[in-house]
Amino acid sequence: MRYDQNDRESSNVEDRRGQDGGGFQFPGGGGGIQIPLGGKGGFSITTLLIIGAVMLLFGINPLDVLLGTNGGQINMPQMPHSDRPSSRSPSDIPGLPGSAKKQAAGDDSEAVFIKRVLADTEDVWTSVFKRFGRDYPDPPLVLYSGITRTACGAGQAAMGPFYCPLDQKVYIDLAFYDELKRKFNVSGDFAQAYVVAHEVGHHVQKQLGILDKVQQLKDRADDEATANQIQVRTELQADCLAGVWANLNDQMKKRLQPGDVEEALNAASQIGDDMIQKKMTGRVVPDAFTHGSAAQRVRWFKSGLESGRMDQCDTFNTANP
């Protein structure tokens, strides 16, 4: 993507990196999380196994989360023992509260890039909403490391980037991009931009009232498989909206370079539910899909990218999304 030092960086970014999660403790007896099983809003055993596998992928012990080891608090990593005195002050140590600003003082090009992408989403969606005579409230983006507070509960790196409709914020642990490259062979700046644009797509859905209707439909669903199908359509629409943004953004600012589209299509493909399930469990369980298959994600992103039109993103009124 074409950016230079003159491009605007969004000011709607809250940097919580280096903080300890704001003192968050998991609810429940002994600090453990209470996870509902089955029924409306509950999790199936298959879903829990997949969640557990994803946690292991990101180095999190599911038992520590479920049982609330050490009262549910996040342990600081053990520093290597050394008899040599250190000249560093406590605030210089990455990961300690108050050290985020010092981390940012170094090579923080990835955060700068995210801020510029977020600024582009603000410009594009403000323009689109203005055509309909509506205001577009810019969503804050929270950069965090490991775990953080959200209005939707604890945000953890193992969840990947996500949007919380209750506080209307996007949350990203930048380590996610390293995992994408290492585990799924997904790299490139436009692939990173696609991830941000997808989460901002959920914010667009929230402003249009779509997320509220989705939640009502899921609450009325007879079983988990039906609720998952509704969720898949929601996620595929966010993929399509990310494509719409990419199209309009390139029209406005000529951001795309050769290879960018291929990067985003590869990202959409590699993080399809079927691809993740194969890597994690060795088998595919369509009823447990929550984001869509690789083919679905690629198809809907391309629909938005090639058309640049929101009316090409109706994933709910089609028989086979």
# chains A, B, ... in the order shown; residues from 1 in each chain; ligands from 1
call {"tool": "residues_around", "arguments": {"residues": "Glu262 in chain A", "least_positions_apart": "6", "cutoff": "10 Å", "atoms": "only C-alpha atoms", "output": "list of chain:residue names"}}
result
A:Gly188, A:Phe190, A:Ala191, A:Ala268
call {"tool": "closest_atom_pairs", "arguments": {"of": "range 189-261 of chain A", "to": "range 290-306 of chain A", "cutoff": "10 Å", "atoms": "only C-alpha atoms", "output": "tab-separated table"}}
result
residue	atom	partner	partner_atom	distance
A:Tyr194	CA	A:Phe301	CA	9.4
A:His198	CA	A:Phe301	CA	9.4
A:Ala225	CA	A:Thr290	CA	9.4
A:Ala227	CA	A:Thr290	CA	8.9
A:Asn228	CA	A:Thr290	CA	5.3
A:Gln229	CA	A:Thr290	CA	7.0
A:Ile230	CA	A:Thr290	CA	8.4
A:Gln231	CA	A:Thr290	CA	5.6
A:Val232	CA	A:His291	CA	4.6
A:Arg233	CA	A:Gly292	CA	7.7
A:Thr234	CA	A:His291	CA	8.0
A:Glu235	CA	A:His291	CA	5.2
A:Leu236	CA	A:Arg297	CA	6.0
A:Gln237	CA	A:Trp300	CA	7.1
A:Ala238	CA	A:Phe301	CA	8.4
A:Asp239	CA	A:Phe301	CA	5.0
A:Cys240	CA	A:Phe301	CA	4.3
A:Leu241	CA	A:Gly304	CA	6.0
A:Ala242	CA	A:Phe301	CA	6.7
A:Gly243	CA	A:Leu305	CA	3.9
A:Val244	CA	A:Gly304	CA	4.3
A:Trp245	CA	A:Leu305	CA	7.5
A:Ala246	CA	A:Leu305	CA	6.2
A:Asn247	CA	A:Leu305	CA	5.1
A:Leu248	CA	A:Leu305	CA	8.5
A:Val261	CA	A:Leu305	CA	8.9
call {"tool": "write_last_selection", "arguments": {"atoms": "N, CA, C and O atoms", "output": "mmCIF file, in the first residue's frame"}}
result
data_model
loop_
_atom_site.group_PDB
_atom_site.id
_atom_site.type_symbol
_atom_site.label_atom_id
_atom_site.label_comp_id
_atom_site.auth_asym_id
_atom_site.auth_seq_id
_atom_site.Cartn_x
_atom_site.Cartn_y
_atom_site.Cartn_z
ATOM 1 N N TYR A 194 -6.592 -5.371 5.466
ATOM 2 C CA TYR A 194 -7.842 -6.123 5.311
ATOM 3 C C TYR A 194 -8.402 -6.520 6.674
ATOM 4 O O TYR A 194 -9.616 -6.439 6.911
ATOM 5 N N HIS A 198 -11.987 -5.296 7.978
ATOM 6 C CA HIS A 198 -13.041 -6.261 8.339
ATOM 7 C C HIS A 198 -13.680 -5.874 9.675
ATOM 8 O O HIS A 198 -14.908 -5.865 9.805
ATOM 9 N N ALA A 225 -26.087 -24.616 15.750
ATOM 10 C CA ALA A 225 -25.735 -24.638 14.329
ATOM 11 C C ALA A 225 -26.433 -23.508 13.576
ATOM 12 O O ALA A 225 -25.826 -22.842 12.725
ATOM 13 N N ALA A 227 -27.547 -20.664 14.909
ATOM 14 C CA ALA A 227 -26.941 -19.405 15.356
ATOM 15 C C ALA A 227 -25.606 -19.172 14.660
ATOM 16 O O ALA A 227 -25.278 -18.044 14.281
ATOM 17 N N ASN A 228 -24.837 -20.248 14.466
ATOM 18 C CA ASN A 228 -23.551 -20.124 13.785
ATOM 19 C C ASN A 228 -23.725 -19.698 12.331
ATOM 20 O O ASN A 228 -22.930 -18.917 11.797
ATOM 21 N N GLN A 229 -24.767 -20.215 11.690
ATOM 22 C CA GLN A 229 -25.020 -19.842 10.295
ATOM 23 C C GLN A 229 -25.332 -18.349 10.171
ATOM 24 O O GLN A 229 -24.898 -17.687 9.216
ATOM 25 N N ILE A 230 -26.067 -17.833 11.150
ATOM 26 C CA ILE A 230 -26.363 -16.393 11.162
ATOM 27 C C ILE A 230 -25.076 -15.602 11.364
ATOM 28 O O ILE A 230 -24.833 -14.583 10.704
ATOM 29 N N GLN A 231 -24.229 -16.098 12.263
ATOM 30 C CA GLN A 231 -22.962 -15.423 12.520
ATOM 31 C C GLN A 231 -22.061 -15.434 11.284
ATOM 32 O O GLN A 231 -21.388 -14.441 10.981
ATOM 33 N N VAL A 232 -22.050 -16.546 10.565
ATOM 34 C CA VAL A 232 -21.248 -16.647 9.346
ATOM 35 C C VAL A 232 -21.665 -15.575 8.343
ATOM 36 O O VAL A 232 -20.821 -14.896 7.737
ATOM 37 N N ARG A 233 -22.966 -15.389 8.152
ATOM 38 C CA ARG A 233 -23.444 -14.377 7.206
ATOM 39 C C ARG A 233 -23.023 -12.977 7.644
ATOM 40 O O ARG A 233 -22.724 -12.118 6.813
ATOM 41 N N THR A 234 -22.995 -12.764 8.951
ATOM 42 C CA THR A 234 -22.557 -11.472 9.481
ATOM 43 C C THR A 234 -21.089 -11.226 9.165
ATOM 44 O O THR A 234 -20.700 -10.126 8.743
ATOM 45 N N GLU A 235 -20.264 -12.246 9.373
ATOM 46 C CA GLU A 235 -18.834 -12.114 9.124
ATOM 47 C C GLU A 235 -18.537 -11.958 7.633
ATOM 48 O O GLU A 235 -17.658 -11.179 7.240
ATOM 49 N N LEU A 236 -19.259 -12.697 6.793
ATOM 50 C CA LEU A 236 -19.040 -12.579 5.354
ATOM 51 C C LEU A 236 -19.421 -11.191 4.858
ATOM 52 O O LEU A 236 -18.788 -10.642 3.941
ATOM 53 N N GLN A 237 -20.438 -10.602 5.461
ATOM 54 C CA GLN A 237 -20.798 -9.234 5.075
ATOM 55 C C GLN A 237 -19.687 -8.266 5.461
ATOM 56 O O GLN A 237 -19.381 -7.329 4.711
ATOM 57 N N ALA A 238 -19.072 -8.485 6.620
ATOM 58 C CA ALA A 238 -17.951 -7.631 7.021
ATOM 59 C C ALA A 238 -16.788 -7.792 6.053
ATOM 60 O O ALA A 238 -16.073 -6.825 5.755
ATOM 61 N N ASP A 239 -16.563 -9.011 5.549
ATOM 62 C CA ASP A 239 -15.539 -9.219 4.515
ATOM 63 C C ASP A 239 -15.863 -8.414 3.262
ATOM 64 O O ASP A 239 -14.986 -7.785 2.659
ATOM 65 N N CYS A 240 -17.127 -8.442 2.858
ATOM 66 C CA CYS A 240 -17.552 -7.703 1.675
ATOM 67 C C CYS A 240 -17.384 -6.203 1.884
ATOM 68 O O CYS A 240 -16.913 -5.481 0.988
ATOM 69 N N LEU A 241 -17.732 -5.715 3.055
ATOM 70 C CA LEU A 241 -17.579 -4.291 3.354
ATOM 71 C C LEU A 241 -16.106 -3.893 3.357
ATOM 72 O O LEU A 241 -15.758 -2.767 2.977
ATOM 73 N N ALA A 242 -15.240 -4.804 3.784
ATOM 74 C CA ALA A 242 -13.799 -4.536 3.709
ATOM 75 C C ALA A 242 -13.376 -4.363 2.256
ATOM 76 O O ALA A 242 -12.536 -3.517 1.929
ATOM 77 N N GLY A 243 -13.957 -5.180 1.367
ATOM 78 C CA GLY A 243 -13.674 -5.038 -0.052
ATOM 79 C C GLY A 243 -14.192 -3.725 -0.616
ATOM 80 O O GLY A 243 -13.520 -3.082 -1.432
ATOM 81 N N VAL A 244 -15.390 -3.329 -0.194
ATOM 82 C CA VAL A 244 -15.944 -2.038 -0.627
ATOM 83 C C VAL A 244 -15.007 -0.911 -0.210
ATOM 84 O O VAL A 244 -14.705 -0.001 -1.005
ATOM 85 N N TRP A 245 -14.555 -0.959 1.027
ATOM 86 C CA TRP A 245 -13.628 0.070 1.509
ATOM 87 C C TRP A 245 -12.362 0.111 0.658
ATOM 88 O O TRP A 245 -11.897 1.197 0.264
ATOM 89 N N ALA A 246 -11.794 -1.062 0.363
ATOM 90 C CA ALA A 246 -10.553 -1.102 -0.422
ATOM 91 C C ALA A 246 -10.756 -0.461 -1.798
ATOM 92 O O ALA A 246 -9.895 0.275 -2.287
ATOM 93 N N ASN A 247 -11.901 -0.748 -2.422
ATOM 94 C CA ASN A 247 -12.205 -0.177 -3.725
ATOM 95 C C ASN A 247 -12.316 1.345 -3.646
ATOM 96 O O ASN A 247 -11.668 2.071 -4.412
ATOM 97 N N LEU A 248 -13.142 1.843 -2.736
ATOM 98 C CA LEU A 248 -13.378 3.283 -2.624
ATOM 99 C C LEU A 248 -12.128 4.018 -2.161
ATOM 100 O O LEU A 248 -11.851 5.140 -2.597
ATOM 101 N N VAL A 261 -3.871 -6.933 -3.785
ATOM 102 C CA VAL A 261 -5.123 -7.692 -3.807
ATOM 103 C C VAL A 261 -4.846 -9.161 -3.518
ATOM 104 O O VAL A 261 -5.584 -9.811 -2.763
#
call {"tool": "select_by_dssp", "arguments": {"residues": "range 80-258 of chain A", "states": "alpha helix (DSSP H)", "output": "ChimeraX atom specification"}}
result
/A:100-104,109-131,175-184,189-207,210-220,224-253
call {"tool": "atom_distance", "arguments": {"atom1": "CA of Lys169 in chain A", "atom2": "CA of Lys130 in chain A"}}
result
21.2 Å
call {"tool": "decode", "arguments": {"residues": "range 226-242 of chain A", "atoms": "all heavy atoms", "output": "mmCIF file, in the first residue's frame"}}
result
data_model
loop_
_atom_site.group_PDB
_atom_site.id
_atom_site.type_symbol
_atom_site.label_atom_id
_atom_site.label_comp_id
_atom_site.auth_asym_id
_atom_site.auth_seq_id
_atom_site.Cartn_x
_atom_site.Cartn_y
_atom_site.Cartn_z
ATOM 1 N N THR A 226 -27.704 -23.263 13.897
ATOM 2 C CA THR A 226 -28.452 -22.181 13.251
ATOM 3 C C THR A 226 -27.872 -20.823 13.625
ATOM 4 O O THR A 226 -27.713 -19.938 12.772
ATOM 5 C CB THR A 226 -29.930 -22.241 13.640
ATOM 6 O OG1 THR A 226 -30.475 -23.509 13.256
ATOM 7 C CG2 THR A 226 -30.722 -21.134 12.968
ATOM 8 N N ALA A 227 -27.547 -20.664 14.909
ATOM 9 C CA ALA A 227 -26.941 -19.405 15.356
ATOM 10 C C ALA A 227 -25.606 -19.172 14.660
ATOM 11 O O ALA A 227 -25.278 -18.044 14.281
ATOM 12 C CB ALA A 227 -26.758 -19.420 16.868
ATOM 13 N N ASN A 228 -24.837 -20.248 14.466
ATOM 14 C CA ASN A 228 -23.551 -20.124 13.785
ATOM 15 C C ASN A 228 -23.725 -19.698 12.331
ATOM 16 O O ASN A 228 -22.930 -18.917 11.797
ATOM 17 C CB ASN A 228 -22.784 -21.446 13.850
ATOM 18 C CG ASN A 228 -22.160 -21.685 15.213
ATOM 19 O OD1 ASN A 228 -22.056 -20.774 16.029
ATOM 20 N ND2 ASN A 228 -21.746 -22.909 15.465
ATOM 21 N N GLN A 229 -24.767 -20.215 11.690
ATOM 22 C CA GLN A 229 -25.020 -19.842 10.295
ATOM 23 C C GLN A 229 -25.332 -18.349 10.171
ATOM 24 O O GLN A 229 -24.898 -17.687 9.216
ATOM 25 C CB GLN A 229 -26.187 -20.668 9.736
ATOM 26 C CG GLN A 229 -25.868 -22.148 9.554
ATOM 27 C CD GLN A 229 -27.089 -22.960 9.188
ATOM 28 O OE1 GLN A 229 -28.147 -22.409 8.883
ATOM 29 N NE2 GLN A 229 -26.960 -24.283 9.220
ATOM 30 N N ILE A 230 -26.067 -17.833 11.150
ATOM 31 C CA ILE A 230 -26.363 -16.393 11.162
ATOM 32 C C ILE A 230 -25.076 -15.602 11.364
ATOM 33 O O ILE A 230 -24.833 -14.583 10.704
ATOM 34 C CB ILE A 230 -27.386 -16.072 12.269
ATOM 35 C CG1 ILE A 230 -28.719 -16.781 11.985
ATOM 36 C CG2 ILE A 230 -27.598 -14.556 12.386
ATOM 37 C CD1 ILE A 230 -29.693 -16.722 13.145
ATOM 38 N N GLN A 231 -24.229 -16.098 12.263
ATOM 39 C CA GLN A 231 -22.962 -15.423 12.520
ATOM 40 C C GLN A 231 -22.061 -15.434 11.284
ATOM 41 O O GLN A 231 -21.388 -14.441 10.981
ATOM 42 C CB GLN A 231 -22.240 -16.086 13.698
ATOM 43 C CG GLN A 231 -20.946 -15.404 14.104
ATOM 44 C CD GLN A 231 -21.175 -13.986 14.604
ATOM 45 O OE1 GLN A 231 -22.217 -13.682 15.168
ATOM 46 N NE2 GLN A 231 -20.191 -13.115 14.396
ATOM 47 N N VAL A 232 -22.050 -16.546 10.565
ATOM 48 C CA VAL A 232 -21.248 -16.647 9.346
ATOM 49 C C VAL A 232 -21.665 -15.575 8.343
ATOM 50 O O VAL A 232 -20.821 -14.896 7.737
ATOM 51 C CB VAL A 232 -21.373 -18.050 8.711
ATOM 52 C CG1 VAL A 232 -20.871 -18.042 7.270
ATOM 53 C CG2 VAL A 232 -20.599 -19.074 9.530
ATOM 54 N N ARG A 233 -22.966 -15.389 8.152
ATOM 55 C CA ARG A 233 -23.444 -14.377 7.206
ATOM 56 C C ARG A 233 -23.023 -12.977 7.644
ATOM 57 O O ARG A 233 -22.724 -12.118 6.813
ATOM 58 C CB ARG A 233 -24.966 -14.465 7.061
ATOM 59 C CG ARG A 233 -25.436 -15.745 6.365
ATOM 60 C CD ARG A 233 -26.964 -15.860 6.374
ATOM 61 N NE ARG A 233 -27.407 -17.129 5.799
ATOM 62 C CZ ARG A 233 -27.768 -17.298 4.523
ATOM 63 N NH1 ARG A 233 -27.734 -16.251 3.688
ATOM 64 N NH2 ARG A 233 -28.157 -18.465 4.072
ATOM 65 N N THR A 234 -22.995 -12.764 8.951
ATOM 66 C CA THR A 234 -22.557 -11.472 9.481
ATOM 67 C C THR A 234 -21.089 -11.226 9.165
ATOM 68 O O THR A 234 -20.700 -10.126 8.743
ATOM 69 C CB THR A 234 -22.770 -11.422 11.005
ATOM 70 O OG1 THR A 234 -24.124 -11.786 11.315
ATOM 71 C CG2 THR A 234 -22.477 -10.040 11.560
ATOM 72 N N GLU A 235 -20.264 -12.246 9.373
ATOM 73 C CA GLU A 235 -18.834 -12.114 9.124
ATOM 74 C C GLU A 235 -18.537 -11.958 7.633
ATOM 75 O O GLU A 235 -17.658 -11.179 7.240
ATOM 76 C CB GLU A 235 -18.092 -13.324 9.686
ATOM 77 C CG GLU A 235 -18.191 -13.497 11.185
ATOM 78 C CD GLU A 235 -17.505 -12.382 11.956
ATOM 79 O OE1 GLU A 235 -16.626 -11.702 11.366
ATOM 80 O OE2 GLU A 235 -17.836 -12.170 13.132
ATOM 81 N N LEU A 236 -19.259 -12.697 6.793
ATOM 82 C CA LEU A 236 -19.040 -12.579 5.354
ATOM 83 C C LEU A 236 -19.421 -11.191 4.858
ATOM 84 O O LEU A 236 -18.788 -10.642 3.941
ATOM 85 C CB LEU A 236 -19.839 -13.651 4.607
ATOM 86 C CG LEU A 236 -19.393 -15.101 4.843
ATOM 87 C CD1 LEU A 236 -20.319 -16.069 4.114
ATOM 88 C CD2 LEU A 236 -17.949 -15.310 4.395
ATOM 89 N N GLN A 237 -20.438 -10.602 5.461
ATOM 90 C CA GLN A 237 -20.798 -9.234 5.075
ATOM 91 C C GLN A 237 -19.687 -8.266 5.461
ATOM 92 O O GLN A 237 -19.381 -7.329 4.711
ATOM 93 C CB GLN A 237 -22.112 -8.816 5.724
ATOM 94 C CG GLN A 237 -22.616 -7.465 5.237
ATOM 95 C CD GLN A 237 -23.972 -7.102 5.802
ATOM 96 O OE1 GLN A 237 -24.101 -6.843 6.994
ATOM 97 N NE2 GLN A 237 -24.998 -7.091 4.953
ATOM 98 N N ALA A 238 -19.072 -8.485 6.620
ATOM 99 C CA ALA A 238 -17.951 -7.631 7.021
ATOM 100 C C ALA A 238 -16.788 -7.792 6.053
ATOM 101 O O ALA A 238 -16.073 -6.825 5.755
ATOM 102 C CB ALA A 238 -17.518 -7.955 8.449
ATOM 103 N N ASP A 239 -16.563 -9.011 5.549
ATOM 104 C CA ASP A 239 -15.539 -9.219 4.515
ATOM 105 C C ASP A 239 -15.863 -8.414 3.262
ATOM 106 O O ASP A 239 -14.986 -7.785 2.659
ATOM 107 C CB ASP A 239 -15.439 -10.703 4.151
ATOM 108 C CG ASP A 239 -14.637 -11.509 5.148
ATOM 109 O OD1 ASP A 239 -13.747 -10.941 5.796
ATOM 110 O OD2 ASP A 239 -14.892 -12.724 5.276
ATOM 111 N N CYS A 240 -17.127 -8.442 2.858
ATOM 112 C CA CYS A 240 -17.552 -7.703 1.675
ATOM 113 C C CYS A 240 -17.384 -6.203 1.884
ATOM 114 O O CYS A 240 -16.913 -5.481 0.988
ATOM 115 C CB CYS A 240 -19.000 -8.047 1.340
ATOM 116 S SG CYS A 240 -19.603 -7.323 -0.202
ATOM 117 N N LEU A 241 -17.732 -5.715 3.055
ATOM 118 C CA LEU A 241 -17.579 -4.291 3.354
ATOM 119 C C LEU A 241 -16.106 -3.893 3.357
ATOM 120 O O LEU A 241 -15.758 -2.767 2.977
ATOM 121 C CB LEU A 241 -18.232 -3.961 4.692
ATOM 122 C CG LEU A 241 -19.760 -4.070 4.730
ATOM 123 C CD1 LEU A 241 -20.283 -3.891 6.151
ATOM 124 C CD2 LEU A 241 -20.408 -3.042 3.793
ATOM 125 N N ALA A 242 -15.240 -4.804 3.784
ATOM 126 C CA ALA A 242 -13.799 -4.536 3.709
ATOM 127 C C ALA A 242 -13.376 -4.363 2.256
ATOM 128 O O ALA A 242 -12.536 -3.517 1.929
ATOM 129 C CB ALA A 242 -13.010 -5.667 4.371
#
